[in-house]
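S.K.: Please find one structure pasted underneath; my questions will follow.
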Amino acid sequence: MTAIAPRLYVDSADTDRVARLLSAGVVHGVTTNPTILERGGRTAGEIPDLYARWVEEGAREVFFQTWGW
């Protein structure tokens with residue numbers, strides 16, 4: 001039987017905290033949602049830059065929860 005390793009994700013919009021966890025190899029990726037973005041002082045317009053930054057810092061998967069008007 002093959003063991004399946006869990007994938008851990010940081011649920012945040014705090015770029016400094018995310019960078020530390022990614023560089024330490026503690027998490028597989030990043031996930032966030034509209035509430036977390038707002039609490040982190042981020043906007044939906046920053047999503048492309050956040051994605052690029054986190055992938056460059058080592059995230060293997062990045063998820064953004066969407067919302068409508």
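Residue names in the structure tokens use chain letters A, B, ... in the order shown, residue numbers from 1 in each chain, and ligand numbers from 1 in the order shown.
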Please identify the strand (DSSP E or B) residues within chain A (assignment by DSSP from backbone atoms) and present them as a ChimeraX atom specification.
M.R.: /A:9-11,29-32,61-64
S.K.: Report as number ranges by chain all protein, DNA and RNA residues lying within 6 Å of range 21-30 of chain A, evaluated on only C-alpha atoms, omitting residues in the same chain fewer than 6 positions from it.
M.R.: A: 7-11, 58-62
S.K.: Next, the residues of the selection above should be written as a CSV table (one decimal), in the first residue's frame with N, CA and C atoms.
M.R.:
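Result went into again.csv, see below:
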```csv
chain,number,residue,atom,x,y,z
A,7,ARG,N,-1.3,17.3,1.7
A,7,ARG,CA,-0.8,18.6,1.2
A,7,ARG,C,-1.4,19.7,2.1
A,8,LEU,N,-0.5,20.5,2.6
A,8,LEU,CA,-0.9,21.6,3.5
A,8,LEU,C,-0.9,22.9,2.7
A,9,TYR,N,-1.9,23.8,3.0
A,9,TYR,CA,-2.0,25.1,2.4
A,9,TYR,C,-2.1,26.1,3.4
A,10,VAL,N,-1.5,27.3,3.1
A,10,VAL,CA,-1.6,28.4,4.0
A,10,VAL,C,-2.8,29.2,3.5
A,11,ASP,N,-3.7,29.6,4.3
A,11,ASP,CA,-4.9,30.3,4.0
A,11,ASP,C,-4.7,31.8,4.4
A,58,GLY,N,7.6,29.6,-4.7
A,58,GLY,CA,7.6,28.1,-4.5
A,58,GLY,C,6.2,27.4,-4.3
A,59,ALA,N,5.1,28.2,-4.4
A,59,ALA,CA,3.8,27.5,-4.3
A,59,ALA,C,3.6,26.6,-5.4
A,60,ARG,N,3.2,25.4,-5.2
A,60,ARG,CA,2.9,24.4,-6.3
A,60,ARG,C,1.4,24.5,-6.7
A,61,GLU,N,0.6,25.1,-5.8
A,61,GLU,CA,-0.8,25.3,-6.2
A,61,GLU,C,-1.3,26.6,-5.5
A,62,VAL,N,-2.1,27.4,-6.2
A,62,VAL,CA,-2.6,28.6,-5.6
A,62,VAL,C,-4.1,28.7,-6.0
```
S.K.: Pull the helix (DSSP H, G or I) assignments for chain A out of DSSP run on the backbone, and list those residues as a VMD selection string.
M.R.: chain A and resid 15 to 24 34 to 39 44 to 56
S.K.: Extract, using only C-alpha atoms, all DNA, RNA and protein residues at most 9 Å from Gly41 in chain A, discarding same-chain residues fewer than 4 positions from it, and format them as a list in words.
M.R.: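 The contact residues come out as Ala13, Asp14, Ile36 and Leu37 of chain A.
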S.K.: The selected residues should be written to file as a CSV table (one decimal), in the first residue's frame (atoms: C-alpha atoms).
M.R.:
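Result saved to selection_21.csv:
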```csv
chain,number,residue,atom,x,y,z
A,13,ALA,CA,-3.2,37.2,2.0
A,14,ASP,CA,-0.2,38.2,4.2
A,36,ILE,CA,-9.1,37.1,3.8
A,37,LEU,CA,-8.0,39.4,1.0
```
S.K.: Using only C-alpha atoms, which protein or nucleic acid residues come within 7 Å of Gln65 in chain A? Drop anything in the same chain fewer than 4 positions from it, and give the result as a list of chain:residue names.
M.R.: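 So the residues in contact are A:Thr32, A:Asn33, A:Pro34.
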S.K.: Include C-alpha atoms and write out the residues we just selected as a PDB file, in the first residue's frame.
M.R.:
```
ATOM      1  CA  THR A  32      -7.446  32.675  -0.018  1.00  0.00           C
ATOM      2  CA  ASN A  33     -10.915  34.146  -0.281  1.00  0.00           C
ATOM      3  CA  PRO A  34     -12.553  37.598  -0.478  1.00  0.00           C
TER       4      PRO A  34
END
```
S.K.: Between CA of Arg20 in chain A and CA of Trp67 in chain A, measure the distance and give it in Å to one decimal.
M.R.: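 Value for the CA of Arg20 in chain A-CA of Trp67 in chain A distance: 28.0 Å.
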